[in-house]
Amino acid sequence: MSTVVDAAPKHPNESSHQAGDSGITMHRMKSFAGRDDSTGIESLEVHVQSREFSIFYGDNEAVRSLSMDIPRSRVTAIIGPSGCGKSTFLRAINRMNDLIPRCHTAGELIFDDENVYDPMVDVVQLRQRIGMVFQKPNPFPKTIFDNVAYGPRLQGERNRSRLADIVERSLREAVLWDEVKDRLHDNALGLSGGQQQRMCLARALAVNPEILLMDEPTSALDPRSTASIEALIGQLRGDYTIIIVTHNMQQAARVSDFTAFMYEGLLIEYGNTTKLFTNPANKQTEDYITGRFG
Amino acid sequence: MGFFSILVMAAALILILYPIISRGLSAYIFRATSEHRRVQFTEFGIGSAQEIERETAEVTAARQPVFDMIVAHEKDLKAELQEAVDQVHALAAAEGGFLQRSLERRLKRAHADASVEEYLTVLTDVRKSLEGQFDRERFTDVITLITERKQRVEVETKKLTEMKHALRDLLGPLPGDRITELLRSHYGQTRWDRCLHYQDKFLYRYEWDYSNPELSGLKMRTPRVEDFRGTDLEPAFAYVRDNLEAMMQPRLTLYWQFLTTDSRDAHFFGGIWPEVLGTFYLTIGAMLFAIPIGVIAAIYLCEYARPTKTVSLLRSCISTLAGVPSIVFGLFGLAFFLNTISVSESKSVLAGSLTLALMILPTVIRASEEAILAVPFTYKEAALGLGAGRWRTVLTVILPAALPGILTGIVISMGRAAGETAPIIFTAAVSVGLALSPLQTLNSPTPALPWNIYNLCTEHEAVDEIRHVQFGMVFTLVALVLMLNIIAIALRARISRKLRG
Ligand SMILES: Nc1ncnc2c1ncn2[C@@H]1O[C@H](COP(=O)(O)OP(=O)(O)OP(=O)(O)O)[C@@H](O)[C@H]1O
Ligand SMILES: [Mg+2]
């Protein structure tokens with residue numbers, strides 16, 4: 001797992017596109033084959049559409065009138081300085097903010113032709129279709145099997161062998177199967193941090209979501225585990241729509257097709273990742289990615 | 001380190017509980033006399049008939065010399081009175097006529113088998129009738145004789161009666177005694193320690209001496225043998241002093257039936273099973289009501305209730321309730337469960353359980369609330385993120401994770417429910433009763449350890465006689481609560497281990 005980044009073919013000649021002091025090199029960004037820098041967002045199918053969408057904590061407007069089309073089956077990264085509203089926006093997509101008292105929204109967030117915040121929406125179903133991986137690995141204090149089978153069981157799956165199939169498929173998808181297949185009935189808290197995070201990913205995948213939300217999924221992990229998660233994102237791209245919040249700009253550059261830069265609740269710039277990192281249109285974006293603030 | 005601290009705690013616990021343990025154990029392990037085995041056999045059907053028969057024969061043989069001495073002594077006393085009776089006979093024969101008939105009719109009752117007391121009554125009668133004669137001067141000699149003999153024998157008889165009384169306390173009924181209904185008068189001392197106590201009371205007379213007005217009364221201890229110097233009874237005291245073991249046959253006994261049998265004659269004999277079972281029913285009953293209600297209330301408060309003023313008021317009400325004296329709960333239980341909604345016609349285990357449940361509810365709620373709040377928010381987030389509803393999240397993630405904490409609260413309140421006296425006085429407890437079947441708990445009161453300990457220590461007719469029962473009950477209660485605690489701690493440790501992986 002750890003070798004994915006290093007094993008990627010090196011193209012020393014392509015490392016000429018230096019994006020300032022942040023040290024991002026284009027050969028790194030190209031680690032995941034299949035990224036098509038020439039395709040614009042406009043030509044892709046929109047999966048989640050934010051229209052003048054605002055989120056408030058009481059009177060504090062954490063996300064301000066944000067409009068953004070998130071394409072299907074692509075990886076979209078959201079970057080920006082701390083407190084700019086990245087997590088708030090991400091969690092709004094599957095309504096995790098409902099847990100926070102005094103949090104309310106304005107505008108529209110369209111998913112599958114419906115406003116996510118429509119009172120008629122079944123939140124439980126919504127969250128099954130939009131899975132989430134959190135910053136810190138958060139396995140339940142149950143066995144690995146029970147953790148991954150949690151979602152399917154919620155949906156009413158009781159058949160033991162079908163559950164076992166789902167668990168295996170999900171763990172394989174999360175590239176964890178070989179490591180844990182002999183200890184499925186051990187407590188998940190006994191796994192390493194990186195394994196736990198991949199298990200959480202498998203758990204999210206087990207309910208067959210359409211969208212995966214990831215809030216700084218590698219910030220609590222060591223470089224090896226980070227690399228394996230990043231490799232995983234590359235593999236899942238195409239089957240799932242992935243929205244990832246990250247502080248690590250190299251990571252955004254490595255794994256995403258599109259990148260959104262937010263600042264103080266506003267969407268400053270949004271577009272093709274390569275373009276945004278090599279040739280940002282906005283001065284603030286440039287300052288941020290070159291490390292001048294943030 | 002952990003093991004060491006557990007050891008230190010265990011040592012401290014044993015030190016603190018030592019008096020209770022040592023005295024309480026004496027209800028279970030003690031030197032039991034032949035009387036104990038006889039009680040066990042006749043009243044509870046424990047033991048073998050042949051064994052008892054053989055032992056009874058041995059014991060009776062060992063006691064026989066004392067009984068014989070008593071008979072001999074009584075004979076001496078009667079002989080002294082007999083002289084007076086003979087004189088009256090002679091007088092009657094000499095007088096003839098009406099007086100003779102009347103005297104002889106009275107004297108008929110003083111036959112050879114009659115007791116000393118009978119003789120005394122006859123002589124009193126005779127003296128009265130002689131004194132009633134108009135020419136009583138003629139009988140002065142006889143009257144003087146009667147009076148003198150009667151006085152002497154009366155003094156002797158009083159001493160003898162006292163002595164027999166003391167002997168009866170020790171050995172049980174003497175040959176020829178009329179047996180009363182009271183079971184305790186059928187048997188002697190069942191425990192060797194009580195035997196020694198009554199042996200001392202047999203060998204010595206204890207009297208208060210108030211002759212010196214300067215001092216408060218002095219307790220005087222006089223050997224009883226002084227009362228019988230020179231009589232046939234004199235050797236009896238040395239005999240009882242030296243041969244008590246043969247007369248009682250004490251044997252170290254593990255009386256585990258103390259836990260499993262009921263009691264007879266106000267706990268003079270038998271065990272404490274009805275009390276233990278009653279405590280068990282009450283505790284389990286209280287838990288049955290308090291745990292679901294308490295945990296659901298805690299879930300509501302933590303997961304569902306919006307933080308409004310009403311809810312915070314509710315919270316402080318619960319806290320206040322935790323500090324209400326238990327007797328108040330007892331009276332409330334009487335007023336509400338019995339008088340108002342009449343869960344049963346009179347006191348019952350059901351009413352007691354409800355009252356106890358009410359009393360421990362605040363503790364259960366608080367502990368559960370704390371345990372639920374201590375569950376990491378990430379668990380909840382993860383469950384909700386996977387599409388679990390609120391209730392499913394509670395059931396599948398929050399409750400399992402909070403279980404150890406909830407268990408702790410349950411254990412604490414369980415100990416309290418088992419040990420509280422006040423709430424059950426008016427709602428469930430009776431002093432004497434039989435073990436109930438589970439169905440009877442709905443409408444029958446029950447004896448229970450805490451109430452019966454109190455009752456036996458304060459209101460029993462012979463508090464000093466049944467110290468071992470009192471301490472046995474205390475010990476059993478402590479052991480019961482300790483056991484519940486250990487089970488819960490083990491359970492908790494197991495669950496925690498499973499959660500931690
Ligand atoms: N539960 C909350 N209640 C009130 N305000 C909140 C809450 N969570 C976040 N905020 C506020 O909303 C704003 C955006 O926070 P958010 O967590 O979305 O930032 P972020 O971009 O994810 O930052 P970071 O990179 O540090 O995670 C911040 O000003 C923050 O103070
Ligand atoms: Mg954040």
# chains A, B, ... in the order shown; residues from 1 in each chain; ligands from 1

$ residues_near_ligand --ligand "ligand 1" --cutoff "10 Å" --atoms "only C-alpha atoms and all ligand atoms" --output "VMD selection string"
chain A and resid 55 to 63 78 to 92 97 99 to 103 135 215 to 216 245 to 247 262 to 265 294

$ write_last_selection --atoms "N, CA and C atoms" --output "compact mmCIF listing (two decimals), in the first residue's frame"
# COMPACT_ATOMS: atom_id res chain seq x y z
N ILE A 55 -25.28 28.54 5.08
CA ILE A 55 -25.48 27.80 6.33
C ILE A 55 -25.16 28.73 7.49
N PHE A 56 -26.03 28.73 8.46
CA PHE A 56 -25.87 29.61 9.62
C PHE A 56 -25.72 28.79 10.89
N TYR A 57 -24.82 29.25 11.75
CA TYR A 57 -24.83 28.79 13.15
C TYR A 57 -25.40 29.93 13.95
N GLY A 58 -26.65 29.86 14.28
CA GLY A 58 -27.28 31.01 14.92
C GLY A 58 -27.29 32.16 13.93
N ASP A 59 -26.56 33.24 14.29
CA ASP A 59 -26.51 34.40 13.38
C ASP A 59 -25.28 34.35 12.50
N ASN A 60 -24.35 33.47 12.86
CA ASN A 60 -23.09 33.42 12.15
C ASN A 60 -23.25 32.67 10.83
N GLU A 61 -23.01 33.36 9.74
CA GLU A 61 -23.17 32.74 8.43
C GLU A 61 -21.85 32.07 8.05
N ALA A 62 -21.77 30.76 8.25
CA ALA A 62 -20.51 30.04 8.06
C ALA A 62 -20.25 29.75 6.59
N VAL A 63 -21.31 29.53 5.84
CA VAL A 63 -21.18 29.34 4.39
C VAL A 63 -22.10 30.34 3.74
N ILE A 78 -12.19 20.19 -1.62
CA ILE A 78 -12.48 21.53 -1.11
C ILE A 78 -11.31 21.91 -0.22
N ILE A 79 -10.67 23.04 -0.56
CA ILE A 79 -9.57 23.50 0.28
C ILE A 79 -9.88 24.90 0.79
N GLY A 80 -9.08 25.34 1.69
CA GLY A 80 -9.28 26.67 2.23
C GLY A 80 -8.75 26.74 3.65
N PRO A 81 -8.52 27.95 4.14
CA PRO A 81 -7.96 28.09 5.49
C PRO A 81 -8.94 27.60 6.56
N SER A 82 -8.39 27.36 7.70
CA SER A 82 -9.20 26.84 8.80
C SER A 82 -10.35 27.79 9.12
N GLY A 83 -11.51 27.21 9.34
CA GLY A 83 -12.66 28.02 9.73
C GLY A 83 -13.40 28.64 8.57
N CYS A 84 -13.02 28.28 7.34
CA CYS A 84 -13.66 28.91 6.19
C CYS A 84 -14.99 28.27 5.85
N GLY A 85 -15.32 27.17 6.49
CA GLY A 85 -16.65 26.59 6.27
C GLY A 85 -16.63 25.32 5.44
N LYS A 86 -15.47 24.73 5.25
CA LYS A 86 -15.38 23.51 4.43
C LYS A 86 -16.19 22.37 5.05
N SER A 87 -15.89 22.10 6.31
CA SER A 87 -16.59 21.00 6.97
C SER A 87 -18.08 21.28 7.03
N THR A 88 -18.41 22.51 7.33
CA THR A 88 -19.82 22.87 7.45
C THR A 88 -20.55 22.56 6.15
N PHE A 89 -19.94 22.93 5.05
CA PHE A 89 -20.59 22.67 3.77
C PHE A 89 -20.68 21.17 3.49
N LEU A 90 -19.57 20.50 3.73
CA LEU A 90 -19.54 19.07 3.44
C LEU A 90 -20.61 18.33 4.24
N ARG A 91 -20.69 18.67 5.53
CA ARG A 91 -21.65 17.98 6.39
C ARG A 91 -23.08 18.35 6.06
N ALA A 92 -23.22 19.50 5.39
CA ALA A 92 -24.58 19.90 5.02
C ALA A 92 -25.14 18.99 3.94
N ASN A 97 -25.42 18.24 9.76
CA ASN A 97 -25.53 19.43 10.62
C ASN A 97 -26.83 19.47 11.40
N LEU A 99 -27.64 17.65 13.56
CA LEU A 99 -27.34 17.32 14.95
C LEU A 99 -27.03 18.55 15.77
N ILE A 100 -26.62 19.61 15.05
CA ILE A 100 -26.19 20.79 15.79
C ILE A 100 -27.37 21.73 15.99
N PRO A 101 -27.67 22.01 17.24
CA PRO A 101 -28.79 22.92 17.48
C PRO A 101 -28.46 24.32 16.93
N ARG A 102 -29.45 25.03 16.53
CA ARG A 102 -29.31 26.41 16.03
C ARG A 102 -28.61 26.46 14.67
N CYS A 103 -28.44 25.33 14.04
CA CYS A 103 -27.85 25.38 12.71
C CYS A 103 -28.97 25.34 11.67
N GLN A 135 -13.00 12.76 9.89
CA GLN A 135 -11.59 13.12 10.05
C GLN A 135 -10.83 12.08 10.87
N ASP A 215 -14.12 14.13 5.18
CA ASP A 215 -13.65 15.34 5.85
C ASP A 215 -12.26 15.08 6.42
N GLU A 216 -11.27 15.58 5.74
CA GLU A 216 -9.88 15.39 6.15
C GLU A 216 -9.63 13.94 6.55
N VAL A 245 -12.58 17.04 1.73
CA VAL A 245 -12.06 18.27 2.33
C VAL A 245 -10.65 17.96 2.80
N THR A 246 -9.73 18.83 2.48
CA THR A 246 -8.36 18.57 2.94
C THR A 246 -7.60 19.85 3.18
N HIS A 247 -6.66 19.75 4.10
CA HIS A 247 -5.77 20.86 4.39
C HIS A 247 -4.48 20.72 3.63
N MET A 262 -12.25 27.80 -0.81
CA MET A 262 -13.19 28.60 -0.03
C MET A 262 -12.42 29.52 0.89
N TYR A 263 -13.03 30.68 1.13
CA TYR A 263 -12.40 31.61 2.06
C TYR A 263 -13.49 32.37 2.79
N GLU A 264 -13.49 32.30 4.08
CA GLU A 264 -14.47 32.96 4.92
C GLU A 264 -15.90 32.72 4.46
N GLY A 265 -16.18 31.49 4.17
CA GLY A 265 -17.54 31.11 3.83
C GLY A 265 -17.90 31.31 2.38
N GLY A 294 -2.92 31.41 5.34
CA GLY A 294 -3.74 30.23 5.50
C GLY A 294 -3.23 29.29 6.56

$ interface_residues --of "chain A" --to "chain B" --cutoff "6 Å" --atoms "only C-alpha atoms" --output "list in words"
Val124, Arg127, Gln128, Asn138, Pro141, Gly151, Asn187, Leu189 and Gly190 of chain A

$ residues_around --residues "Leu213 of chain A" --least-positions-apart "4" --cutoff "9 Å" --atoms "only C-alpha atoms" --output "PyMOL selection string"
chain A and resi 90-91+93-94+130-134+241-245

$ residues_around --residues "Pro152 of chain A" --least-positions-apart "5" --cutoff "8 Å" --atoms "only C-alpha atoms" --output "ChimeraX atom specification"
/A:157,163,206-207

$ select_by_dssp --residues "segment 333-362 of chain B" --states "helix (DSSP H, G or I)" --output "PyMOL selection string"
chain B and resi 333-340+349-362

$ atom_distance --atom1 "atom CA of Ile453 of chain B" --atom2 "atom CA of Leu477 of chain B"
9.6 Å

$ select_by_dssp --residues "segment 59-213 of chain B" --states "strand (DSSP E)" --output "number ranges by chain"
B: 204-209

$ atom_distance --atom1 "atom CA of Val116 of chain A" --atom2 "atom CA of Leu212 of chain A"
15.5 Å

$ residues_around --residues "Val328 of chain B" --least-positions-apart "5" --cutoff "9 Å" --atoms "only C-alpha atoms" --output "JSON, numbers by chain"
{"B": [333, 422, 423]}

$ residues_around --residues "segment 166-179 of chain B" --least-positions-apart "2" --cutoff "9 Å" --atoms "only C-alpha atoms" --output "VMD selection string"
chain B and resid 35 63 67 161 to 164 181 to 182 184 to 189 194 to 199 201 to 203 247 to 248

$ closest_residue --among "A:Asn115, A:Ser73, A:Ser219, A:Ser192" --to "ligand 2" --atoms "only C-alpha atoms and all ligand atoms"
A:Ser219

$ closest_residue --among "B:Gly271, B:Gly352, B:Pro450, B:Gly472" --to "Gly285 of chain B" --atoms "only C-alpha atoms"
B:Gly352

$ atom_distance --atom1 "atom CA of Gly238 of chain A" --atom2 "atom CA of Asp257 of chain A"
11.0 Å

$ closest_residue --among "A:Gln155, A:Thr76, A:Thr259, A:Ser65" --to "Thr285 of chain A" --atoms "only C-alpha atoms"
A:Thr259

$ closest_residue --among "A:Met214, A:Leu205, A:Ala174, A:Ile70" --to "ligand 2" --atoms "only C-alpha atoms and all ligand atoms"
A:Met214

$ closest_residue --among "B:Val324, B:Ile291, B:Gly278, B:Thr476" --to "Ala429 of chain B" --atoms "only C-alpha atoms"
B:Gly278

$ residues_around --residues "Arg315 of chain B" --least-positions-apart "5" --cutoff "12 Å" --atoms "only C-alpha atoms" --output "list in words"
Ala297, Ala298, Tyr300, Leu301, Cys302, Ala305, Pro307, Thr308, Lys309, Thr310, Thr320, Leu321, Ala322, Pro362, Thr363, Ile365, Arg366 and Glu369 of chain B

$ write_last_selection --atoms "all heavy atoms" --output "tab-separated table (two decimals), in the first residue's frame"
chain	number	residue	atom	x	y	z
B	297	ALA	N	-35.90	6.95	30.61
B	297	ALA	CA	-35.92	8.36	30.98
B	297	ALA	C	-34.59	9.02	30.64
B	297	ALA	O	-34.54	10.14	30.11
B	297	ALA	CB	-36.20	8.50	32.48
B	298	ALA	N	-33.49	8.31	30.93
B	298	ALA	CA	-32.17	8.87	30.64
B	298	ALA	C	-31.98	9.06	29.14
B	298	ALA	O	-31.47	10.08	28.69
B	298	ALA	CB	-31.09	7.95	31.19
B	300	TYR	N	-34.33	9.55	26.98
B	300	TYR	CA	-35.14	10.69	26.58
B	300	TYR	C	-34.42	12.00	26.90
B	300	TYR	O	-34.29	12.87	26.05
B	300	TYR	CB	-36.50	10.65	27.30
B	300	TYR	CG	-37.28	11.92	27.09
B	300	TYR	CD1	-37.93	12.15	25.88
B	300	TYR	CD2	-37.33	12.91	28.05
B	300	TYR	CE1	-38.61	13.32	25.64
B	300	TYR	CE2	-38.01	14.09	27.83
B	300	TYR	CZ	-38.66	14.29	26.63
B	300	TYR	OH	-39.31	15.46	26.40
B	301	LEU	N	-33.93	12.08	28.14
B	301	LEU	CA	-33.29	13.33	28.56
B	301	LEU	C	-32.05	13.65	27.72
B	301	LEU	O	-31.78	14.81	27.41
B	301	LEU	CB	-32.92	13.26	30.04
B	301	LEU	CG	-34.09	13.37	31.01
B	301	LEU	CD1	-33.61	13.13	32.43
B	301	LEU	CD2	-34.74	14.74	30.89
B	302	CYS	N	-31.28	12.62	27.37
B	302	CYS	CA	-30.02	12.86	26.67
B	302	CYS	C	-30.21	13.02	25.17
B	302	CYS	O	-29.53	13.80	24.53
B	302	CYS	CB	-29.05	11.72	26.91
B	302	CYS	SG	-28.53	11.58	28.58
B	305	ALA	N	-34.91	15.01	24.41
B	305	ALA	CA	-35.43	16.26	24.96
B	305	ALA	C	-34.64	17.45	24.43
B	305	ALA	O	-33.41	17.42	24.38
B	305	ALA	CB	-35.36	16.20	26.48
B	307	PRO	N	-33.18	21.10	24.97
B	307	PRO	CA	-32.78	21.72	26.24
B	307	PRO	C	-33.64	22.92	26.61
B	307	PRO	O	-33.20	24.06	26.59
B	307	PRO	CB	-31.32	22.13	25.97
B	307	PRO	CG	-31.21	22.23	24.50
B	307	PRO	CD	-32.23	21.31	23.90
B	308	THR	N	-34.86	22.65	26.98
B	308	THR	CA	-35.75	23.75	27.38
B	308	THR	C	-35.73	23.92	28.89
B	308	THR	O	-35.11	23.13	29.61
B	308	THR	CB	-37.19	23.44	26.94
B	308	THR	OG1	-37.56	22.20	27.53
B	308	THR	CG2	-37.31	23.34	25.43
B	309	LYS	N	-36.45	24.94	29.36
B	309	LYS	CA	-36.52	25.19	30.79
B	309	LYS	C	-37.19	24.01	31.51
B	309	LYS	O	-36.76	23.61	32.59
B	309	LYS	CB	-37.35	26.46	31.06
B	309	LYS	CG	-36.55	27.74	30.93
B	309	LYS	CD	-36.87	28.67	32.12
B	309	LYS	CE	-35.98	29.90	32.10
B	309	LYS	NZ	-36.22	30.75	30.92
B	310	THR	N	-38.23	23.48	30.89
B	310	THR	CA	-38.96	22.38	31.51
B	310	THR	C	-38.03	21.21	31.77
B	310	THR	O	-38.08	20.58	32.83
B	310	THR	CB	-40.09	21.90	30.59
B	310	THR	OG1	-40.53	23.00	29.82
B	310	THR	CG2	-41.21	21.28	31.36
B	320	THR	N	-33.18	16.28	43.11
B	320	THR	CA	-33.76	16.49	44.43
B	320	THR	C	-34.34	15.19	44.96
B	320	THR	O	-34.16	14.84	46.12
B	320	THR	CB	-34.88	17.54	44.36
B	320	THR	OG1	-34.41	18.63	43.61
B	320	THR	CG2	-35.30	17.98	45.74
B	321	LEU	N	-34.99	14.48	44.08
B	321	LEU	CA	-35.62	13.22	44.46
B	321	LEU	C	-34.59	12.25	45.03
B	321	LEU	O	-34.88	11.48	45.94
B	321	LEU	CB	-36.28	12.60	43.23
B	321	LEU	CG	-37.66	12.00	43.43
B	321	LEU	CD1	-38.59	13.01	44.04
B	321	LEU	CD2	-38.20	11.53	42.09
B	322	ALA	N	-33.37	12.32	44.49
B	322	ALA	CA	-32.31	11.41	44.95
B	322	ALA	C	-31.98	11.67	46.41
B	322	ALA	O	-31.48	10.80	47.11
B	322	ALA	CB	-31.07	11.55	44.08
B	362	PRO	N	-34.03	7.89	40.70
B	362	PRO	CA	-33.11	9.00	40.40
B	362	PRO	C	-31.67	8.55	40.19
B	362	PRO	O	-31.02	9.02	39.26
B	362	PRO	CB	-33.22	9.89	41.65
B	362	PRO	CG	-34.49	9.52	42.28
B	362	PRO	CD	-34.76	8.10	41.94
B	363	THR	N	-31.23	7.63	41.04
B	363	THR	CA	-29.85	7.13	40.88
B	363	THR	C	-29.67	6.46	39.54
B	363	THR	O	-28.67	6.68	38.85
B	363	THR	CB	-29.53	6.12	41.99
B	363	THR	OG1	-30.16	6.53	43.19
B	363	THR	CG2	-28.05	5.99	42.20
B	365	ILE	N	-31.41	6.90	36.82
B	365	ILE	CA	-31.49	7.88	35.73
B	365	ILE	C	-30.17	8.65	35.63
B	365	ILE	O	-29.59	8.77	34.55
B	365	ILE	CB	-32.65	8.87	35.96
B	365	ILE	CG1	-33.99	8.14	35.87
B	365	ILE	CG2	-32.60	9.99	34.93
B	365	ILE	CD1	-35.18	9.01	36.15
B	366	ARG	N	-29.69	9.13	36.77
B	366	ARG	CA	-28.47	9.94	36.74
B	366	ARG	C	-27.28	9.15	36.18
B	366	ARG	O	-26.55	9.61	35.32
B	366	ARG	CB	-28.12	10.46	38.13
B	366	ARG	CG	-29.15	11.36	38.72
B	366	ARG	CD	-28.79	12.75	38.67
B	366	ARG	NE	-28.56	13.39	37.41
B	366	ARG	CZ	-28.54	14.70	37.30
B	366	ARG	NH1	-28.75	15.43	38.35
B	366	ARG	NH2	-28.32	15.25	36.15
B	369	GLU	N	-27.74	8.53	32.53
B	369	GLU	CA	-27.52	9.76	31.79
B	369	GLU	C	-26.04	10.03	31.61
B	369	GLU	O	-25.56	10.32	30.51
B	369	GLU	CB	-28.13	10.93	32.57
B	369	GLU	CG	-29.30	11.58	31.90
B	369	GLU	CD	-29.66	12.86	32.61
B	369	GLU	OE1	-29.92	12.83	33.83
B	369	GLU	OE2	-29.64	13.90	31.95

$ closest_residue --among "A:Ala252, A:Val48, A:Val148, A:Leu66" --to "Ile211 of chain A" --atoms "only C-alpha atoms"
A:Val48
